[in-house]
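Structure data (mmCIF, C-alpha atoms (C1' of nucleotides)) from structure_1.cif:
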```
data_target
#
loop_
_atom_site.label_atom_id
_atom_site.label_comp_id
_atom_site.auth_asym_id
_atom_site.auth_seq_id
_atom_site.Cartn_x
_atom_site.Cartn_y
_atom_site.Cartn_z
CA MET A 22 -35.07 31.04 -25.82
CA ALA A 23 -32.46 29.50 -28.05
CA ARG A 24 -31.95 25.76 -27.93
CA LYS A 25 -28.36 24.93 -27.15
CA SER A 26 -27.07 21.73 -28.65
CA ARG A 27 -24.25 19.71 -27.20
CA ARG A 28 -22.20 20.85 -30.15
CA ASP A 29 -22.86 24.45 -29.15
CA SER A 30 -21.69 23.84 -25.63
CA ILE A 31 -18.53 22.19 -26.90
CA ILE A 32 -17.81 25.22 -29.06
CA GLU A 33 -18.59 27.53 -26.17
CA SER A 34 -16.20 25.60 -23.92
CA ALA A 35 -13.49 25.73 -26.54
CA ALA A 36 -13.97 29.48 -27.01
CA GLU A 37 -13.49 30.13 -23.32
CA LEU A 38 -10.40 27.95 -23.12
CA PHE A 39 -8.80 29.25 -26.31
CA ALA A 40 -9.41 32.79 -25.09
CA ALA A 41 -7.84 32.06 -21.71
CA LYS A 42 -4.92 29.81 -22.59
CA GLY A 43 -4.48 29.95 -26.33
CA PHE A 44 -5.00 27.31 -28.98
CA ARG A 45 -1.97 25.09 -28.43
CA ALA A 46 -2.08 25.22 -24.66
CA THR A 47 -5.70 24.08 -24.65
CA THR A 48 -6.05 20.30 -25.01
CA VAL A 49 -9.03 18.42 -26.40
CA ARG A 50 -9.25 16.86 -22.94
CA ASP A 51 -9.67 20.34 -21.40
CA ILE A 52 -12.44 21.11 -23.83
CA ALA A 53 -14.25 17.82 -23.29
CA GLU A 54 -14.03 18.14 -19.52
CA ARG A 55 -15.57 21.61 -19.58
CA ALA A 56 -18.33 20.35 -21.85
CA GLY A 57 -18.98 17.46 -19.44
CA ILE A 58 -17.91 14.57 -21.64
CA LEU A 59 -14.75 12.54 -22.31
CA SER A 60 -12.28 13.53 -24.97
CA GLY A 61 -13.06 10.61 -27.25
CA SER A 62 -16.71 11.64 -27.34
CA LEU A 63 -15.77 15.04 -28.69
CA TYR A 64 -15.23 13.57 -32.12
CA ALA A 65 -18.86 12.61 -32.53
CA HIS A 66 -19.51 16.36 -32.78
CA ILE A 67 -16.40 17.86 -34.32
CA ALA A 68 -13.84 16.81 -36.91
CA THR A 69 -10.63 18.30 -35.54
CA LYS A 70 -9.43 20.79 -32.95
CA GLU A 71 -8.70 23.28 -35.70
CA ASP A 72 -12.25 23.01 -37.04
CA LEU A 73 -13.41 23.97 -33.59
CA TYR A 74 -11.24 27.07 -33.75
CA LEU A 75 -12.57 27.98 -37.17
CA GLU A 76 -16.15 27.57 -36.02
CA ILE A 77 -15.52 30.00 -33.17
CA VAL A 78 -13.90 32.55 -35.47
CA ARG A 79 -16.74 32.21 -37.98
CA ARG A 80 -19.43 32.77 -35.37
CA ALA A 81 -17.62 35.72 -33.83
CA SER A 82 -17.01 37.21 -37.27
CA HIS A 83 -20.72 36.85 -38.01
CA ASP A 84 -21.60 38.57 -34.73
CA PHE A 85 -19.36 41.55 -35.30
CA THR A 86 -20.28 41.90 -38.95
CA GLN A 87 -24.03 41.64 -38.42
CA ARG A 88 -23.83 44.36 -35.82
CA LEU A 89 -21.90 46.71 -38.06
CA ASN A 90 -23.61 46.11 -41.40
CA PRO A 91 -26.82 48.09 -40.83
CA ILE A 92 -24.82 51.00 -39.42
CA VAL A 93 -22.42 51.12 -42.35
CA SER A 94 -25.14 50.91 -44.95
CA SER A 95 -27.38 53.46 -43.27
CA GLN A 96 -27.79 57.02 -44.53
CA SER A 97 -26.19 58.61 -41.48
CA ARG A 98 -23.25 60.96 -41.59
CA PRO A 99 -19.80 59.33 -41.32
CA GLY A 100 -19.20 60.78 -37.87
CA ASP A 101 -22.46 59.34 -36.55
CA LYS A 102 -21.77 55.99 -38.15
CA LEU A 103 -18.41 55.92 -36.44
CA GLN A 104 -19.96 56.63 -33.07
CA TRP A 105 -22.42 53.74 -33.43
CA MET A 106 -19.79 51.42 -34.81
CA ILE A 107 -17.58 51.93 -31.80
CA ALA A 108 -20.52 51.33 -29.48
CA ALA A 109 -21.41 48.16 -31.40
CA HIS A 110 -17.83 46.89 -31.33
CA LEU A 111 -17.72 47.37 -27.57
CA ALA A 112 -21.12 45.75 -27.14
CA VAL A 113 -19.98 42.57 -28.89
CA ILE A 114 -16.83 42.49 -26.79
CA GLU A 115 -18.91 42.86 -23.66
CA GLU A 116 -21.49 40.23 -24.66
CA SER A 117 -19.13 37.69 -26.18
CA ARG A 118 -15.81 38.32 -24.57
CA ALA A 119 -14.22 34.92 -25.15
CA TRP A 120 -15.38 34.67 -28.76
CA ALA A 121 -14.21 38.17 -29.49
CA ARG A 122 -10.82 37.46 -28.02
CA VAL A 123 -10.30 34.35 -30.13
CA TYR A 124 -11.52 36.21 -33.21
CA LEU A 125 -9.51 39.41 -32.82
CA ASP A 126 -6.26 37.73 -31.89
CA ASP A 127 -4.06 36.66 -34.79
CA ASP A 128 -2.91 33.27 -33.53
CA SER A 129 0.40 32.23 -35.05
CA GLU A 130 0.09 28.68 -33.76
CA LEU A 131 -2.39 27.45 -36.32
CA SER A 132 -1.90 25.75 -39.66
CA ALA A 133 -1.39 28.13 -42.57
CA ASP A 134 -4.84 27.39 -44.04
CA THR A 135 -6.72 27.98 -40.83
CA ARG A 136 -4.83 31.13 -40.10
CA ARG A 137 -5.50 32.44 -43.57
CA GLU A 138 -9.24 31.97 -43.25
CA ALA A 139 -9.27 33.69 -39.87
CA GLN A 140 -7.29 36.58 -41.33
CA ARG A 141 -9.69 36.83 -44.24
CA LEU A 142 -12.66 37.10 -41.90
CA ARG A 143 -10.94 39.75 -39.84
CA ARG A 144 -10.09 41.66 -42.99
CA ASP A 145 -13.74 41.60 -44.05
CA TYR A 146 -14.66 43.18 -40.75
CA GLU A 147 -11.94 45.81 -41.04
CA ARG A 148 -13.21 46.69 -44.50
CA LEU A 149 -16.43 47.91 -42.92
CA TRP A 150 -14.39 50.38 -40.89
CA ASP A 151 -12.37 51.33 -43.95
CA GLN A 152 -15.55 52.10 -45.83
CA VAL A 153 -16.70 54.62 -43.28
CA PHE A 154 -13.24 56.16 -43.00
CA SER A 155 -13.13 56.62 -46.77
CA GLU A 156 -16.66 57.99 -46.80
CA GLY A 157 -15.76 60.62 -44.26
CA ILE A 158 -12.58 61.54 -46.07
CA GLU A 159 -14.36 61.91 -49.40
CA ALA A 160 -17.10 63.96 -47.78
CA GLY A 161 -14.42 66.18 -46.31
CA VAL A 162 -15.55 65.70 -42.72
CA PHE A 163 -12.41 63.71 -41.84
CA ASP A 164 -9.05 65.34 -42.39
CA VAL A 165 -6.57 62.55 -43.04
CA GLN A 166 -3.13 62.76 -44.63
CA ASP A 167 -2.09 59.12 -44.81
CA GLU A 168 -5.23 57.03 -45.02
CA SER A 169 -3.52 53.67 -44.70
CA VAL A 170 -1.45 54.50 -41.61
CA THR A 171 -4.39 56.29 -40.01
CA ARG A 172 -6.52 53.23 -40.62
CA LEU A 173 -3.95 50.95 -38.98
CA PHE A 174 -3.58 53.36 -36.08
CA VAL A 175 -7.29 53.41 -35.37
CA LEU A 176 -7.87 49.70 -35.88
CA SER A 177 -4.97 48.82 -33.59
CA ALA A 178 -6.44 51.01 -30.88
CA LEU A 179 -9.83 49.46 -31.50
CA ASN A 180 -8.61 45.87 -31.45
CA GLY A 181 -6.46 46.61 -28.45
CA ILE A 182 -9.60 47.11 -26.40
CA ILE A 183 -10.05 43.37 -26.07
CA GLY A 184 -6.74 43.25 -24.22
CA TRP A 185 -7.62 45.66 -21.45
CA TYR A 186 -11.39 46.16 -21.30
CA ARG A 187 -13.02 44.90 -18.11
CA PRO A 188 -16.83 44.94 -17.89
CA ASP A 189 -16.55 45.83 -14.20
CA GLY A 190 -14.22 48.72 -14.83
CA ARG A 191 -14.61 52.38 -13.94
CA LEU A 192 -16.52 53.18 -17.12
CA SER A 193 -19.71 51.64 -18.46
CA HIS A 194 -19.38 50.49 -22.01
CA GLU A 195 -21.46 53.47 -23.11
CA GLU A 196 -19.07 55.88 -21.43
CA LEU A 197 -16.09 54.05 -22.83
CA ALA A 198 -17.61 54.12 -26.30
CA GLN A 199 -18.14 57.85 -25.96
CA THR A 200 -14.56 58.50 -24.88
CA PHE A 201 -13.21 56.22 -27.56
CA PHE A 202 -15.31 57.95 -30.15
CA ARG A 203 -13.93 61.33 -29.18
CA LEU A 204 -10.35 60.06 -29.47
CA THR A 205 -10.98 58.37 -32.81
CA LEU A 206 -12.54 61.54 -34.16
CA ARG A 207 -9.42 63.42 -33.15
CA VAL A 208 -7.22 60.97 -35.05
CA LEU A 209 -9.44 61.38 -38.07
CA GLY A 210 -9.29 65.13 -37.75
CA GLY A 211 -13.06 65.25 -37.57
CA ASN A 212 -13.61 67.11 -34.32
CA LYS A 213 -14.69 70.38 -35.84
CA GLY A 214 -17.75 70.55 -33.63
CA PRO A 215 -18.29 72.01 -30.13
CA ASP A 216 -15.54 69.73 -28.82
CA SER A 217 -12.95 71.69 -30.73
CA GLN A 218 -11.39 74.53 -28.81
CA CYS A 219 -10.78 76.79 -31.76
CA MET B 1 32.52 43.59 -33.13
CA ALA B 2 30.55 41.80 -30.47
CA ARG B 3 31.44 38.25 -29.61
CA LYS B 4 28.46 35.98 -30.03
CA SER B 5 28.43 32.98 -27.76
CA ARG B 6 26.66 29.77 -28.53
CA ARG B 7 24.20 30.72 -25.84
CA ASP B 8 23.47 33.95 -27.68
CA SER B 9 22.82 32.12 -30.92
CA ILE B 10 20.46 29.74 -29.13
CA ILE B 11 18.54 32.69 -27.71
CA GLU B 12 18.52 34.38 -31.10
CA SER B 13 17.14 31.21 -32.72
CA ALA B 14 14.47 30.91 -30.07
CA ALA B 15 13.46 34.55 -30.52
CA GLU B 16 12.94 34.08 -34.24
CA LEU B 17 10.93 30.91 -33.77
CA PHE B 18 8.82 32.22 -30.89
CA ALA B 19 8.08 35.32 -32.95
CA ALA B 20 7.07 33.29 -35.98
CA LYS B 21 5.18 30.36 -34.46
CA GLY B 22 4.53 31.20 -30.84
CA PHE B 23 5.93 29.67 -27.68
CA ARG B 24 3.99 26.40 -27.54
CA ALA B 25 4.21 25.67 -31.25
CA THR B 26 8.00 26.01 -31.13
CA THR B 27 9.74 22.86 -29.89
CA VAL B 28 13.13 22.63 -28.26
CA ARG B 29 14.11 20.51 -31.26
CA ASP B 30 13.24 23.40 -33.60
CA ILE B 31 15.39 25.74 -31.56
CA ALA B 32 18.33 23.36 -31.38
CA GLU B 33 18.19 22.66 -35.11
CA ARG B 34 18.29 26.35 -35.95
CA ALA B 35 21.21 26.82 -33.60
CA GLY B 36 23.00 23.91 -35.26
CA ILE B 37 23.04 21.44 -32.40
CA LEU B 38 20.85 18.58 -31.11
CA SER B 39 18.06 19.17 -28.65
CA GLY B 40 19.80 17.38 -25.79
CA SER B 41 22.78 19.70 -26.11
CA LEU B 42 20.54 22.72 -25.57
CA TYR B 43 20.43 22.01 -21.87
CA ALA B 44 24.14 22.63 -21.43
CA HIS B 45 23.31 26.29 -22.09
CA ILE B 46 19.80 26.83 -20.80
CA ALA B 47 17.70 25.51 -17.93
CA THR B 48 14.23 25.30 -19.46
CA LYS B 49 12.31 26.46 -22.49
CA GLU B 50 10.54 29.07 -20.37
CA ASP B 51 13.86 30.48 -19.19
CA LEU B 52 14.72 30.98 -22.82
CA TYR B 53 11.55 32.97 -23.28
CA LEU B 54 12.28 35.09 -20.23
CA GLU B 55 15.80 35.82 -21.43
CA ILE B 56 14.40 37.08 -24.73
CA VAL B 57 11.84 39.28 -23.03
CA ARG B 58 14.47 40.66 -20.65
CA ARG B 59 16.86 41.56 -23.44
CA ALA B 60 14.14 43.15 -25.54
CA SER B 61 12.85 45.05 -22.54
CA HIS B 62 16.37 46.32 -21.91
CA ASP B 63 16.70 47.41 -25.54
CA PHE B 64 13.47 49.37 -25.58
CA THR B 65 14.00 50.91 -22.17
CA GLN B 66 17.59 51.95 -22.79
CA ARG B 67 16.51 53.70 -25.95
CA LEU B 68 13.73 55.63 -24.26
CA ASN B 69 15.37 56.51 -20.96
CA PRO B 70 17.60 59.36 -22.14
CA ILE B 71 14.71 60.86 -24.08
CA VAL B 72 12.31 60.76 -21.16
CA SER B 73 14.78 62.24 -18.71
CA SER B 74 15.94 64.95 -21.07
CA GLN B 75 14.93 68.59 -20.71
CA SER B 76 12.97 68.68 -23.98
CA ARG B 77 9.36 69.69 -24.30
CA PRO B 78 6.82 66.85 -23.98
CA GLY B 79 5.87 67.11 -27.66
CA ASP B 80 9.49 66.74 -28.75
CA LYS B 81 10.06 63.86 -26.37
CA LEU B 82 7.05 62.12 -27.85
CA GLN B 83 8.38 62.53 -31.35
CA TRP B 84 11.74 60.99 -30.44
CA MET B 85 10.14 58.23 -28.43
CA ILE B 86 8.05 57.14 -31.36
CA ALA B 87 11.11 57.16 -33.61
CA ALA B 88 13.04 55.13 -31.03
CA HIS B 89 10.21 52.62 -30.63
CA LEU B 90 10.10 52.11 -34.38
CA ALA B 91 13.87 51.85 -34.58
CA VAL B 92 13.97 49.00 -32.07
CA ILE B 93 11.17 47.24 -33.93
CA GLU B 94 13.11 47.61 -37.16
CA GLU B 95 16.43 46.46 -35.70
CA SER B 96 15.15 43.66 -33.49
CA ARG B 97 11.93 42.57 -35.05
CA ALA B 98 11.71 39.07 -33.59
CA TRP B 99 12.71 40.14 -30.10
CA ALA B 100 10.25 43.01 -30.16
CA ARG B 101 7.47 40.73 -31.26
CA VAL B 102 8.08 38.26 -28.45
CA TYR B 103 8.35 41.11 -25.97
CA LEU B 104 5.30 43.11 -27.00
CA ASP B 105 2.97 40.16 -27.36
CA ASP B 106 1.21 39.04 -24.20
CA ASP B 107 1.50 35.28 -24.56
CA SER B 108 -1.24 33.45 -22.70
CA GLU B 109 0.46 30.10 -23.10
CA LEU B 110 3.09 30.55 -20.45
CA SER B 111 3.13 29.64 -16.79
CA ALA B 112 1.63 32.26 -14.51
CA ASP B 113 5.02 33.26 -13.08
CA THR B 114 6.70 33.74 -16.40
CA ARG B 115 3.78 35.67 -17.78
CA ARG B 116 3.73 37.91 -14.74
CA GLU B 117 7.38 38.83 -15.12
CA ALA B 118 6.91 39.59 -18.81
CA GLN B 119 3.92 41.77 -17.99
CA ARG B 120 5.90 43.58 -15.33
CA LEU B 121 8.66 44.40 -17.81
CA ARG B 122 6.15 45.63 -20.37
CA ARG B 123 4.49 47.76 -17.72
CA ASP B 124 7.84 49.34 -16.85
CA TYR B 125 8.24 50.33 -20.46
CA GLU B 126 4.71 51.72 -20.67
CA ARG B 127 5.39 53.81 -17.60
CA LEU B 128 7.98 55.73 -19.57
CA TRP B 129 5.26 56.71 -22.01
CA ASP B 130 2.88 57.51 -19.17
CA GLN B 131 5.43 59.85 -17.69
CA VAL B 132 5.66 61.93 -20.82
CA PHE B 133 1.89 61.92 -21.29
CA SER B 134 1.43 63.20 -17.75
CA GLU B 135 4.16 65.75 -18.20
CA GLY B 136 2.45 67.17 -21.27
CA ILE B 137 -0.93 67.22 -19.56
CA GLU B 138 0.41 69.01 -16.51
CA ALA B 139 2.26 71.49 -18.71
CA GLY B 140 -0.99 72.14 -20.52
CA VAL B 141 0.39 71.25 -23.95
CA PHE B 142 -1.71 68.09 -24.16
CA ASP B 143 -5.46 68.39 -23.88
CA VAL B 144 -6.73 65.11 -22.46
CA GLN B 145 -10.06 64.37 -20.80
CA ASP B 146 -9.65 60.75 -19.71
CA GLU B 147 -5.95 60.14 -19.16
CA SER B 148 -6.24 56.41 -18.59
CA VAL B 149 -8.31 55.63 -21.69
CA THR B 150 -6.20 57.97 -23.81
CA ARG B 151 -3.11 56.18 -22.58
CA LEU B 152 -4.54 52.78 -23.51
CA PHE B 153 -5.65 54.10 -26.87
CA VAL B 154 -2.21 55.38 -27.76
CA LEU B 155 -0.29 52.42 -26.39
CA SER B 156 -2.52 49.98 -28.28
CA ALA B 157 -1.86 51.85 -31.50
CA LEU B 158 1.82 51.91 -30.69
CA ASN B 159 2.07 48.22 -29.81
CA GLY B 160 -0.06 47.35 -32.82
CA ILE B 161 2.75 48.52 -35.07
CA ILE B 162 4.62 45.27 -34.52
CA GLY B 163 1.70 43.46 -36.13
CA TRP B 164 1.72 45.28 -39.44
CA TYR B 165 5.02 47.11 -39.88
CA ARG B 166 7.17 45.85 -42.75
CA PRO B 167 10.67 47.30 -43.16
CA ASP B 168 10.24 47.08 -46.94
CA GLY B 169 6.94 48.95 -46.87
CA ARG B 170 5.97 52.15 -48.63
CA LEU B 171 7.29 54.36 -45.86
CA SER B 172 10.75 54.51 -44.34
CA HIS B 173 10.71 54.21 -40.60
CA GLU B 174 11.46 57.92 -40.34
CA GLU B 175 8.40 58.76 -42.43
CA LEU B 176 6.28 56.33 -40.49
CA ALA B 177 7.50 57.81 -37.21
CA GLN B 178 6.57 61.26 -38.46
CA THR B 179 3.07 60.21 -39.49
CA PHE B 180 2.58 58.30 -36.28
CA PHE B 181 3.73 61.27 -34.28
CA ARG B 182 1.21 63.51 -35.97
CA LEU B 183 -1.62 61.10 -35.21
CA THR B 184 -0.57 60.61 -31.60
CA LEU B 185 -0.40 64.36 -31.14
CA ARG B 186 -3.95 64.60 -32.40
CA VAL B 187 -5.14 62.04 -29.88
CA LEU B 188 -3.40 63.96 -27.15
CA GLY B 189 -4.96 67.19 -28.32
CA GLY B 190 -1.51 68.69 -28.71
CA ASN B 191 -1.59 69.80 -32.34
CA LYS B 192 -1.93 73.48 -31.70
CA GLY B 193 0.89 74.26 -34.08
CA PRO B 194 0.90 74.93 -37.82
CA ASP B 195 -0.74 71.52 -38.39
CA SER B 196 -3.92 72.73 -36.78
CA GLN B 197 -6.39 74.27 -39.16
CA CYS B 198 -7.88 76.77 -36.78
"C1'" DC C 3 28.06 18.57 -27.44
"C1'" DC C 4 26.25 13.66 -28.72
"C1'" DT C 5 23.84 9.20 -27.97
"C1'" DA C 6 20.17 7.19 -26.18
"C1'" DC C 7 16.34 7.49 -23.87
"C1'" DC C 8 12.56 8.71 -20.17
"C1'" DG C 9 7.67 9.45 -18.74
"C1'" DA C 10 4.01 12.33 -19.93
"C1'" DT C 11 0.93 13.97 -22.87
"C1'" DC C 12 -0.84 15.06 -27.24
"C1'" DG C 13 -4.81 14.75 -31.09
"C1'" DG C 14 -7.41 11.40 -32.74
"C1'" DT C 15 -9.61 6.47 -33.65
"C1'" DA C 16 -12.07 1.75 -33.29
"C1'" DG C 17 -15.67 -0.70 -31.64
"C1'" DG C 18 -19.36 -0.85 -29.15
"C1'" DC D 28 -21.28 8.93 -25.56
"C1'" DC D 29 -17.79 5.56 -23.23
"C1'" DT D 30 -13.81 2.30 -23.00
"C1'" DA D 31 -9.58 1.46 -24.43
"C1'" DC D 32 -6.03 2.60 -26.92
"C1'" DC D 33 -2.84 4.25 -30.99
"C1'" DG D 34 1.47 6.45 -32.82
"C1'" DA D 35 3.70 10.69 -32.51
"C1'" DT D 36 5.82 14.03 -30.19
"C1'" DC D 37 6.80 16.72 -26.27
"C1'" DG D 38 10.40 18.86 -22.63
"C1'" DG D 39 13.99 17.24 -20.38
"C1'" DT D 40 17.87 13.90 -18.44
"C1'" DA D 41 21.92 10.52 -17.77
"C1'" DG D 42 26.26 9.29 -18.97
"C1'" DG D 43 29.86 9.94 -21.52
#
```

Would you write the structure of this file as structure tokens?
Amino acid sequence: MARKSRRDSIIESAAELFAAKGFRATTVRDIAERAGILSGSLYAHIATKEDLYLEIVRRASHDFTQRLNPIVSSQSRPGDKLQWMIAAHLAVIEESRAWARVYLDDDSELSADTRREAQRLRRDYERLWDQVFSEGIEAGVFDVQDESVTRLFVLSALNGIIGWYRPDGRLSHEELAQTFFRLTLRVLGGNKGPDSQC
Amino acid sequence: MARKSRRDSIIESAAELFAAKGFRATTVRDIAERAGILSGSLYAHIATKEDLYLEIVRRASHDFTQRLNPIVSSQSRPGDKLQWMIAAHLAVIEESRAWARVYLDDDSELSADTRREAQRLRRDYERLWDQVFSEGIEAGVFDVQDESVTRLFVLSALNGIIGWYRPDGRLSHEELAQTFFRLTLRVLGGNKGPDSQC
DNA sequence: CCTACCGATCGGTAGG
DNA sequence: CCTACCGATCGGTAGG
């Protein structure tokens, strides 16, 4: 099993608090307390509170991206890729809820530099979705009129999940992924299969 | 023309700052400065900073709701209602960008009471959308398998607009409303008209 | 609406 | 990793 350094547990504590209360409303004293040390001791492991935020966003970004990369670069059909991507997205949210929340939320309370880096990382992740959308459109399996608005529509719905998904909800994450996939396929005009009622 | 009290201009200033920097990152000194007074003088017009936030959310909620109410209670077909609702939603966002942003964003940095009231107001607004969704489903013009997930999917996409919409963008808000309507109709399985390629 | 100020709390540091 | 503390800033108030 993975060794968990004190630094890791500080970052973990910060992730949970940032996710629950936001960046500004979380104090370094809150973070230290949850990690079991005093606030002054925090600075033996981190440089600033903003660095802590960036570290969380970087790790979450890595998680999401690593999960999607093999799917995107596989030889599957765009529709199948999409189905697995949605399942993967939901899996990360389920496994790393707090991290995902900090990552997916565009926090306007940070310094311009920090915010920019977080936005860049989110954009990299969104590009993976874009790629598959474009692939499907070019292959003619998705029927899209305005690619850019469609993309924003789908990604908003996708990112919105973090706001309402509860692991103990009515649907398992597999069922939710399936339903979400069906809806996304409709938006993309790709439901020409047995689901279509033509 | 409408008379604008000092109180109104304080609330307006707060709305713009909350929208741009978030609640915690905005100080009462920022708000006072933008309104052209000193921070101490603020409290002749407001009780607390949180009250200011609530006032903004209440006014925005009123704006959105007033715009949708006549559409929802009209005798139009569900599909037509939906089209007008989307146009109205976009119109409020265009006309009252800052207010809309404060209203639509679930800010985790507030006290539990304040947050609860804001959530209640947002839920009231979402209920108007729910109504029309249900209407269309019952009338058989929308083809929905999981009403609750479909609802969350569409509302996430809808609320996501505030995050990326720029009034000076490629599309006018009428064009955007039209495109958005088409996509929403797809999600709801209601595009059985000439748009369908069956 | 201003002057003058409050107690509390903030992120972060020095020295051990 | 703790003790002890810093300068800055916060939301809000008293008295005019």

Contacts of region 34-38 of chain D at 9 Å (only C-alpha atoms (C1' of nucleotides); same-chain gap of 3+ positions) as an MDAnalysis selection string
(chainID B and resid 27:28 48:49) or (chainID C and resid 10:12)

Could you write out that same residue set with C-alpha atoms (C1' of nucleotides) as a tab-separated table (two decimals), in the coordinates of the input?
```tsv
chain	number	residue	atom	x	y	z
B	27	THR	CA	9.74	22.86	-29.89
B	28	VAL	CA	13.13	22.63	-28.26
B	48	THR	CA	14.23	25.30	-19.46
B	49	LYS	CA	12.31	26.46	-22.49
C	10	DA	C1'	4.01	12.33	-19.93
C	11	DT	C1'	0.93	13.97	-22.87
C	12	DC	C1'	-0.84	15.06	-27.24
```

Compile the residues of chain D that lie within 12 Å of chain A, evaluated using all atoms listed in the file, and express the compilation as JSON, numbers by chain.
{"D": [28, 29, 30, 31, 32]}

The PyMOL selection byres ((chain A and resi 90-92) around 12) resolved against shown file, as a PyMOL selection string:
chain A and resi 82-89+93-110+145-150+152-153

What would the selection look like, as a list in words, if the PyMOL selection byres ((chain A and resi 181) around 10) were run on the coordinates I just shared?
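What the PyMOL selection byres ((chain A and resi 181) around 10) grabs from the file is Leu125, Asp126, Val175, Leu176, Ser177, Ala178, Leu179, Asn180, Ile182, Ile183, Gly184, Trp185 and Tyr186 of chain A; Leu152, Phe153, Val154, Leu155, Ser156, Ala157, Asn159 and Gly160 of chain B.
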
Quick check, in Å to one decimal: how far apart do CA of Arg151 (chain B) and CA of Thr184 (chain B) lie?
10.4 Å

Mind listing as an MDAnalysis selection string all residues within 6 Å of (-13.7, 35.8, -41.1), counting all atoms listed in the file?
chainID A and resid 79 82 139 141:143

Kindly provide the residues of chain B that approach chain A to within 10 Å, each paired with its closest atom pair and their distance in Å to one decimal, based on all atoms listed in the file, listed by chain and increasing number, as CSV.
```
residue,atom,partner,partner_atom,distance
B:Phe18,CA,A:Ser129,CA,9.4
B:Ala19,CA,A:Ser129,CA,8.5
B:Ala20,CA,A:Ser129,CA,6.8
B:Lys21,CA,A:Ser129,CA,5.2
B:Gly22,CA,A:Glu130,CA,5.9
B:Phe23,CA,A:Glu130,CA,8.5
B:Arg24,CA,A:Arg45,CA,6.2
B:Ala25,CA,A:Glu130,CA,5.7
B:Thr26,CA,A:Glu130,CA,8.8
B:Asp106,CA,A:Gly184,CA,9.0
B:Asp107,CA,A:Gly43,CA,8.2
B:Ser108,CA,A:Lys42,CA,5.2
B:Glu109,CA,A:Lys42,CA,5.4
B:Leu110,CA,A:Lys42,CA,8.3
B:Ser111,CA,A:Lys42,CA,9.9
B:Asp143,CA,A:Gln218,CA,9.9
B:Val144,CA,A:Leu204,CA,9.4
B:Gln145,CA,A:Thr200,CA,8.4
B:Asp146,CA,A:Thr200,CA,7.5
B:Val149,CA,A:Thr200,CA,7.6
B:Thr150,CA,A:Leu204,CA,7.3
B:Leu152,CA,A:Ala178,CA,7.8
B:Phe153,CA,A:Ala178,CA,5.1
B:Val154,CA,A:Ala178,CA,6.8
B:Leu155,CA,A:Ala178,CA,7.7
B:Ser156,CA,A:Ala178,CA,4.8
B:Ala157,CA,A:Ala178,CA,4.7
B:Leu158,CA,A:Phe174,CA,7.8
B:Asn159,CA,A:Ser177,CA,8.0
B:Gly160,CA,A:Ser177,CA,5.2
B:Ile161,CA,A:Ser177,CA,7.9
B:Gly163,CA,A:Ser177,CA,8.9
B:Trp164,CA,A:Leu173,CA,8.0
B:Tyr165,CA,A:Leu173,CA,9.8
B:Leu171,CA,A:Val170,CA,9.7
B:Leu176,CA,A:Val170,CA,8.0
B:Thr179,CA,A:Asp167,CA,7.5
B:Phe180,CA,A:Val170,CA,7.7
B:Arg182,CA,A:Val208,CA,8.9
B:Leu183,CA,A:Val208,CA,5.6
B:Thr184,CA,A:Val208,CA,7.5
B:Leu185,CA,A:Val208,CA,8.6
B:Arg186,CA,A:Val208,CA,5.6
B:Val187,CA,A:Arg207,CA,5.6
B:Leu188,CA,A:Leu204,CA,8.3
B:Gly189,CA,A:Arg207,CA,7.6
B:Lys192,CA,A:Cys219,CA,9.4
B:Ser196,CA,A:Gly210,CA,9.4
B:Gln197,CA,A:Cys219,CA,9.0
B:Cys198,CA,A:Cys219,CA,5.8
```

For a test of reading the model, state the distance in Å between CA of Glu117 (chain B) and CA of Tyr124 (chain A), rounded to one decimal.
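These atoms are spaced 26.3 Å apart.
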
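Between CA of Trp120 (chain A) and CA of Ala133 (chain A) lies a distance of 20.7 Å.
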
List the residues matched by the PyMOL selection byres ((chain B and resi 11) around 9) in the displayed structure as a PyMOL selection string, ordered by chain and then by residue number.
chain B and resi 6-10+12-16+31+35+52-53+55-56
